[in-house]
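The structure file entry13.txt is reproduced below (compact mmCIF, C-alpha atoms).
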# COMPACT_ATOMS: atom_id res chain seq x y z
CA MET N 19 95.25 135.52 119.97
CA ALA N 20 94.34 131.84 119.67
CA ASP N 21 96.60 128.84 120.05
CA PRO N 22 97.20 126.85 116.83
CA LYS N 23 94.47 124.29 117.56
CA GLN N 24 91.87 126.98 118.23
CA HIS N 25 92.97 128.84 115.11
CA TYR N 26 92.55 125.78 112.90
CA ASP N 27 89.30 124.67 114.52
CA THR N 28 87.61 128.03 114.13
CA HIS N 29 89.40 129.78 111.27
CA LEU N 30 91.71 127.86 108.93
CA GLY N 31 90.37 124.31 109.16
CA PRO N 32 87.12 124.99 107.24
CA VAL N 33 89.03 126.61 104.33
CA TYR N 34 92.26 124.58 104.47
CA SER N 35 91.58 122.46 101.38
CA TRP N 36 90.65 125.55 99.39
CA MET N 37 93.73 127.40 100.71
CA THR N 38 96.21 124.65 99.80
CA GLY N 39 94.76 123.95 96.36
CA ASP N 40 94.71 120.81 94.26
CA PHE N 41 95.08 117.74 96.49
CA ALA N 42 96.43 115.54 93.69
CA ALA N 43 99.25 118.01 93.04
CA LEU N 44 100.14 118.20 96.75
CA ARG N 45 100.14 114.41 96.98
CA ARG N 46 102.42 114.09 93.94
CA ARG N 47 104.83 116.68 95.34
CA SER N 48 105.06 114.84 98.67
CA GLY N 49 105.51 111.52 96.87
CA ASP N 50 108.31 112.94 94.73
CA LEU N 51 110.10 114.13 97.87
CA PHE N 52 109.73 110.72 99.53
CA ASP N 53 111.11 109.03 96.41
CA ARG N 54 114.07 111.41 96.24
CA LEU N 55 114.89 110.75 99.90
CA ALA N 56 114.29 106.98 99.50
CA VAL N 57 111.56 107.00 102.15
CA ALA N 58 110.11 103.49 101.97
CA ALA N 59 108.93 100.72 104.27
CA ILE N 60 111.88 98.72 105.59
CA ASP N 61 112.31 95.40 107.36
CA GLY N 62 111.44 96.06 110.99
CA GLY N 63 109.85 99.39 110.13
CA ARG N 64 106.65 99.21 108.10
CA VAL N 65 104.84 101.92 110.09
CA ALA N 66 104.96 105.59 109.09
CA VAL N 67 103.89 108.42 111.39
CA ASP N 68 102.48 111.58 109.81
CA LEU N 69 102.58 114.41 112.36
CA GLY N 70 100.20 117.24 111.54
CA ALA N 71 98.64 115.04 108.87
CA GLY N 72 95.99 117.55 107.83
CA HIS N 73 93.87 116.26 104.95
CA GLY N 74 96.36 113.56 103.97
CA ALA N 75 98.77 115.03 101.42
CA GLN N 76 101.60 113.08 103.06
CA SER N 77 99.68 110.15 104.54
CA VAL N 78 98.30 109.04 101.16
CA PRO N 79 101.66 108.83 99.33
CA LEU N 80 103.23 107.13 102.36
CA ALA N 81 100.52 104.48 102.29
CA GLU N 82 100.99 104.12 98.54
CA ARG N 83 104.67 103.36 99.22
CA GLY N 84 103.93 100.38 101.44
CA PHE N 85 103.54 101.93 104.89
CA ASP N 86 100.84 101.44 107.48
CA VAL N 87 100.30 105.09 108.38
CA VAL N 88 99.43 106.62 111.74
CA ALA N 89 98.13 110.09 110.88
CA ILE N 90 98.02 112.46 113.86
CA ASP N 91 96.39 115.90 113.82
CA PHE N 92 94.48 118.09 116.27
CA CYS N 93 91.85 119.29 113.77
CA ARG N 94 88.87 116.93 113.48
CA ALA N 95 87.55 118.55 110.30
CA LEU N 96 90.83 117.91 108.49
CA LEU N 97 90.99 114.32 109.73
CA GLU N 98 87.50 113.75 108.31
CA GLU N 99 88.79 114.96 104.93
CA LEU N 100 91.83 112.71 105.33
CA ALA N 101 89.55 109.70 105.84
CA ASP N 102 87.90 110.45 102.48
CA ASN N 103 91.20 111.07 100.69
CA ALA N 104 92.76 107.89 102.10
CA ARG N 105 89.77 105.62 101.55
CA GLY N 106 90.93 102.04 100.92
CA LEU N 107 94.49 102.71 102.10
CA PRO N 108 96.09 101.56 105.40
CA VAL N 109 95.84 104.93 107.18
CA THR N 110 94.69 105.29 110.79
CA ALA N 111 93.61 108.82 111.72
CA VAL N 112 94.28 109.94 115.29
CA GLU N 113 92.93 113.17 116.75
CA GLY N 114 95.56 114.23 119.23
CA ASP N 115 98.68 116.17 120.19
CA LEU N 116 101.85 115.62 118.19
CA LEU N 117 103.88 115.41 121.38
CA ASP N 118 101.94 112.29 122.39
CA LEU N 119 103.07 110.37 119.32
CA GLU N 120 104.66 107.53 121.33
CA ARG N 121 101.24 106.81 122.82
CA HIS N 122 99.86 106.04 119.36
CA VAL N 123 102.77 104.17 117.75
CA HIS N 124 103.00 100.51 118.77
CA ALA N 125 105.65 99.21 116.36
CA PRO N 126 109.01 100.52 115.09
CA ALA N 127 108.55 103.14 112.39
CA GLY N 128 110.31 103.27 109.07
CA ALA N 129 109.45 106.95 108.71
CA VAL N 130 108.25 109.90 110.78
CA VAL N 131 107.25 112.98 108.79
CA CYS N 132 106.24 116.43 110.02
CA MET N 133 105.58 118.58 106.98
CA GLY N 134 103.89 121.75 105.85
CA ASP N 135 104.70 124.28 108.57
CA THR N 136 103.57 122.01 111.39
CA LEU N 137 106.78 121.99 113.44
CA THR N 138 106.60 125.76 113.96
CA HIS N 139 103.19 125.36 115.61
CA LEU N 140 104.76 123.90 118.77
CA PRO N 141 104.77 126.28 121.75
CA ASP N 142 108.54 126.53 122.29
CA LEU N 143 111.94 125.08 121.37
CA ALA N 144 111.84 122.66 124.30
CA ASP N 145 108.78 121.05 122.71
CA VAL N 146 110.59 120.75 119.38
CA GLU N 147 113.37 118.92 121.22
CA ARG N 148 110.81 116.63 122.88
CA LEU N 149 109.27 115.84 119.51
CA VAL N 150 112.57 115.07 117.79
CA ARG N 151 113.68 112.79 120.62
CA ALA N 152 110.33 110.99 120.61
CA ALA N 153 110.57 110.53 116.84
CA ALA N 154 114.08 109.10 117.23
CA ARG N 155 112.82 106.62 119.82
CA VAL N 156 110.02 105.27 117.61
CA LEU N 157 112.17 104.99 114.48
CA ALA N 158 113.62 101.63 113.53
CA PRO N 159 117.35 101.55 112.69
CA GLY N 160 117.60 103.01 109.19
CA GLY N 161 114.24 104.78 109.54
CA LYS N 162 113.98 108.39 108.43
CA LEU N 163 112.67 111.62 109.92
CA VAL N 164 111.53 114.18 107.32
CA VAL N 165 110.46 117.70 108.31
CA THR N 166 109.61 120.77 106.27
CA PHE N 167 108.92 124.24 107.62
CA ARG N 168 109.03 127.86 106.56
CA ASP N 169 112.28 129.77 107.01
CA TYR N 170 111.43 132.61 109.38
CA VAL N 171 115.08 133.10 110.40
CA SER N 172 117.31 134.00 107.46
CA ARG N 173 115.33 137.07 106.37
CA GLU N 174 112.80 139.25 108.16
CA PRO N 175 110.29 140.97 105.85
CA ARG N 176 109.70 144.67 106.44
CA GLY N 177 106.79 146.99 105.74
CA THR N 178 104.41 145.84 103.04
CA GLU N 179 106.51 142.69 102.46
CA ARG N 180 104.77 141.33 105.57
CA PHE N 181 101.43 141.21 103.68
CA ILE N 182 101.29 137.94 101.77
CA PRO N 183 98.43 137.04 99.40
CA VAL N 184 97.65 133.34 99.92
CA ARG N 185 94.75 132.63 97.59
CA ALA N 186 91.77 134.41 96.05
CA ASP N 187 88.76 133.67 93.88
CA GLY N 188 85.40 135.28 93.23
CA ASP N 189 84.01 134.39 96.66
CA ARG N 190 86.98 134.22 98.99
CA ILE N 191 90.26 136.06 99.63
CA LEU N 192 92.91 135.00 102.16
CA THR N 193 95.79 137.31 103.07
CA CYS N 194 98.46 136.58 105.66
CA VAL N 195 100.22 139.31 107.68
CA LEU N 196 103.41 138.53 109.65
CA GLU N 197 104.63 140.28 112.79
CA TYR N 198 108.12 139.29 113.97
CA SER N 199 109.55 139.06 117.49
CA PRO N 200 112.90 137.52 118.48
CA GLU N 201 111.59 133.94 118.92
CA HIS N 202 108.20 133.93 117.22
CA VAL N 203 106.20 135.12 114.25
CA THR N 204 102.63 136.18 114.92
CA VAL N 205 100.51 135.25 111.91
CA TYR N 206 97.32 137.20 111.18
CA ASP N 207 95.04 135.45 108.68
CA LEU N 208 92.63 137.89 107.05
CA LEU N 209 89.78 135.97 105.41
CA HIS N 210 87.23 137.77 103.26
CA GLU N 211 84.21 135.75 102.13
CA LYS N 212 81.27 136.87 99.99
CA ARG N 213 77.93 135.93 101.51
CA ASP N 214 74.66 136.92 99.82
CA GLY N 215 76.62 139.34 97.67
CA VAL N 216 78.24 141.07 100.64
CA TRP N 217 81.91 140.72 101.62
CA LYS N 218 82.51 139.75 105.25
CA GLN N 219 85.88 139.80 107.00
CA ARG N 220 87.15 137.39 109.66
CA VAL N 221 90.56 137.80 111.28
CA GLY N 222 92.40 135.18 113.32
CA SER N 223 95.92 135.11 114.70
CA TYR N 224 98.37 132.67 116.27
CA ARG N 225 102.10 132.34 116.89
CA LYS N 226 104.72 130.26 115.12
CA LEU N 227 108.26 129.48 116.18
CA ARG N 228 111.25 130.87 114.32
CA LEU N 229 113.30 127.69 113.79
CA ASP N 230 116.97 127.78 112.86
CA PRO N 231 117.70 124.86 110.48
CA ALA N 232 121.27 124.52 111.81
CA TRP N 233 119.96 124.24 115.38
CA LEU N 234 117.45 121.59 114.31
CA ALA N 235 120.17 119.63 112.52
CA ARG N 236 122.30 119.63 115.69
CA LEU N 237 119.27 118.50 117.67
CA CYS N 238 118.75 115.56 115.30
CA GLU N 239 122.40 114.55 115.58
CA ALA N 240 122.21 114.68 119.39
CA ALA N 241 119.14 112.40 119.27
CA GLY N 242 121.03 109.78 117.25
CA LEU N 243 119.82 110.80 113.80
CA GLY N 244 122.33 111.42 111.04
CA VAL N 245 121.31 114.35 108.83
CA ILE N 246 121.15 113.34 105.16
CA GLU N 247 119.67 116.57 103.76
CA SER N 248 119.20 120.15 104.87
CA SER N 249 118.13 122.52 102.12
CA THR N 250 115.98 125.60 101.55
CA GLU N 251 113.96 126.30 98.43
CA ALA N 252 111.41 129.07 97.91
CA GLY N 253 111.51 129.87 101.63
CA VAL N 254 110.79 126.29 102.76
CA VAL N 255 113.35 124.25 104.69
CA THR N 256 113.59 120.49 104.12
CA LEU N 257 115.52 118.49 106.68
CA ALA N 258 115.85 114.71 106.57
CA ALA N 259 117.70 112.51 109.04
CA GLN N 260 118.17 108.77 109.45
CA ARG N 261 118.40 106.75 112.64
CA ARG N 262 121.84 105.20 112.98

As structure tokens, the full file:
Amino acid sequence: MADPKQHYDTHLGPVYSWMTGDFAALRRRSGDLFDRLAVAAIDGGRVAVDLGAGHGAQSVPLAERGFDVVAIDFCRALLEELADNARGLPVTAVEGDLLDLERHVHAPAGAVVCMGDTLTHLPDLADVERLVRAAARVLAPGGKLVVTFRDYVSREPRGTERFIPVRADGDRILTCVLEYSPEHVTVYDLLHEKRDGVWKQRVGSYRKLRLDPAWLARLCEAAGLGVIESSTEAGVVTLAAQRR
């Protein structure tokens, strides 16, 4: 089993844009969320930090809303796509570890976002705590932390429910299989690709954390961030908090 970086470098990174679908739609969806949560550049906080930036579905709408964006990800291939998607916008791509965010942020931030399912990629709950506290330290007063992640806690799929079709077309099929343990979910990504008329299978796996939204909300409060939203829709948790 690979760690998340190895899994993305060798397995998911090359097909990530295909897997996630239309970039314009993703960008609009992120922008709509930022507008609903009133995420905008503020006096004393014109920097935004995008943790697990991927190909830029959050970085681009943040830049369009007046931020200078620091986009951090560990996958070089995705950061190269981000550079194309963010061309002409104030976005700085950084290849690195999310936990080192303070090393790359040199001014108070009006927003720190960690979206997709990025937060669950951290090795353990202590690292989640480190990340939240680091985010709180870089945020300007009134700045917001926005995280989204999949709910692996409230319901545990059984049997064939664990087999999840992600995307398919005439040349590629991606299926995800979940295996639950008390603190983690092991994710098996089964990728079938047609090459020269022949289907080939590649399988990769890595672990994700099972994060309790209530625990994360308490962690934010303890770090000096007041929770302004905690909701779950279609199996995805959205939690937003503001620095007091």

Which range 206-247 of chain N residues have any atom within 8 Å of an atom of range 24-28 of chain N, and for each, what is the nearest pair of atoms with distance in Å to one decimal, counting all atoms listed in the file, rows sorted by chain and number, as a tab-separated table?
residue	atom	partner	partner_atom	distance
N:Gly222	CA	N:His25	CA	6.6
N:Ser223	CA	N:His25	CA	6.9
N:Tyr224	CA	N:His25	CA	6.7

Any chance you can output those residues with C-alpha atoms as a PDB file, keeping the file's coordinate frame?
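Ended up saving to selection_29.pdb:
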ATOM      1  CA  GLY N 222      92.400 135.180 113.320  1.00  0.00           C
ATOM      2  CA  SER N 223      95.920 135.110 114.700  1.00  0.00           C
ATOM      3  CA  TYR N 224      98.370 132.670 116.270  1.00  0.00           C
TER       4      TYR N 224
END

Check the smallest atom-to-atom distance from each of N:Pro22, N:Glu147, N:Glu197, N:Ala153 to Arg236 in chain N using all atoms listed in the file, then report the winner.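 Using all atoms listed in the file, the shortest distance to Arg236 in chain N belongs to N:Glu147.
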
Within 10 Å of Val146 in chain N, counting all atoms listed in the file, which residues show up once you throw out same-chain ones fewer than 2 positions away? Write them as a ChimeraX atom specification, please. /N:117,137-144,148-152,227,229,234,237

Measuring between all atoms listed in the file, which one of N:Leu163, N:Ala252, N:Val67, N:Met19 shows the shortest distance to Phe85 in chain N?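 Checking each candidate against Phe85 in chain N, we get N:Val67 as the closest.
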
Of the listed residues N:Ala154, N:Cys194, N:Val87, N:Glu120, that which approaches Glu239 in chain N most closely, counting all atoms listed in the file: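 Comparing N:Ala154, N:Cys194, N:Val87, N:Glu120 against Glu239 in chain N, the winner is N:Ala154.
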
For CA of Asp135 in chain N and CA of Ala232 in chain N, the interatomic separation in Å (one decimal):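 The value is 16.9 Å.
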
Could you pull the residues within 12 Å of Arg173 in chain N, counting only C-alpha atoms, minus those fewer than 3 positions along the same chain, as a PyMOL selection string? chain N and resi 168-170+176+179-180+198+228+230+253

In Å, how far is it from CA of Ala258 in chain N to CA of Val245 in chain N?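 That distance, rounded to one decimal, is 5.9 Å.
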
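With only C-alpha atoms taken into account, the protein and nucleic acid residues at most 7 Å from range 46-61 of chain N (excluding it and anything under 6 positions from it in its own chain) are Ala75, Gln76, Pro79, Arg83, Gly84, Phe85, Gly128, Ala129 and Lys162 of chain N.
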
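Excluding Thr256 in chain N and any residue on its chain fewer than 4 positions from it, the residues at most 8 Å away by only C-alpha atoms are N:Val164, N:Val165, N:Thr166, N:Phe167, N:Glu247, N:Ser248, N:Ser249, N:Thr250.
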
Include C-alpha atoms and write out the residues we just selected as an mmCIF file, in the coordinates of the input.
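Contents of the output file again.cif:
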data_model
loop_
_atom_site.group_PDB
_atom_site.id
_atom_site.type_symbol
_atom_site.label_atom_id
_atom_site.label_comp_id
_atom_site.auth_asym_id
_atom_site.auth_seq_id
_atom_site.Cartn_x
_atom_site.Cartn_y
_atom_site.Cartn_z
ATOM 1 C CA VAL N 164 111.530 114.180 107.320
ATOM 2 C CA VAL N 165 110.460 117.700 108.310
ATOM 3 C CA THR N 166 109.610 120.770 106.270
ATOM 4 C CA PHE N 167 108.920 124.240 107.620
ATOM 5 C CA GLU N 247 119.670 116.570 103.760
ATOM 6 C CA SER N 248 119.200 120.150 104.870
ATOM 7 C CA SER N 249 118.130 122.520 102.120
ATOM 8 C CA THR N 250 115.980 125.600 101.550
#

So which residues touch Ser77 in chain N within 9 Å, counting only C-alpha atoms, skipping near sequence neighbours fewer than 6 positions away, as a PyMOL selection string? chain N and resi 45+66-68+71+87-89+100+104+109

For a test of reading the model, state the distance in Å between CA of Leu96 in chain N and CA of Arg190 in chain N, rounded to one decimal. 19.3 Å

Which residue of N:Asp86, N:Gly72, N:His29, N:Val205 approaches Arg220 in chain N most closely, using only C-alpha atoms: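 Using only C-alpha atoms, the shortest distance to Arg220 in chain N belongs to N:His29.
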
For Ala95 in chain N, which of N:Leu69, N:Ala125, N:Ile182, N:Val33 is the closest residue, counting all atoms listed in the file? N:Val33

Once you count all atoms listed in the file, which residues end up no further than 9 Å from (91.3, 120.7, 105.8) in the file's frame, shown as JSON, numbers by chain? {"N": [26, 30, 31, 32, 33, 34, 35, 36, 37, 38, 72, 73, 74, 93, 94, 95, 96, 97, 98, 99, 100]}

Pick from N:Cys238, N:Val216, N:Val131, N:Leu80, whichever lies nearest to Gly188 in chain N using only C-alpha atoms: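 Smallest distance to Gly188 in chain N is found for N:Val216.
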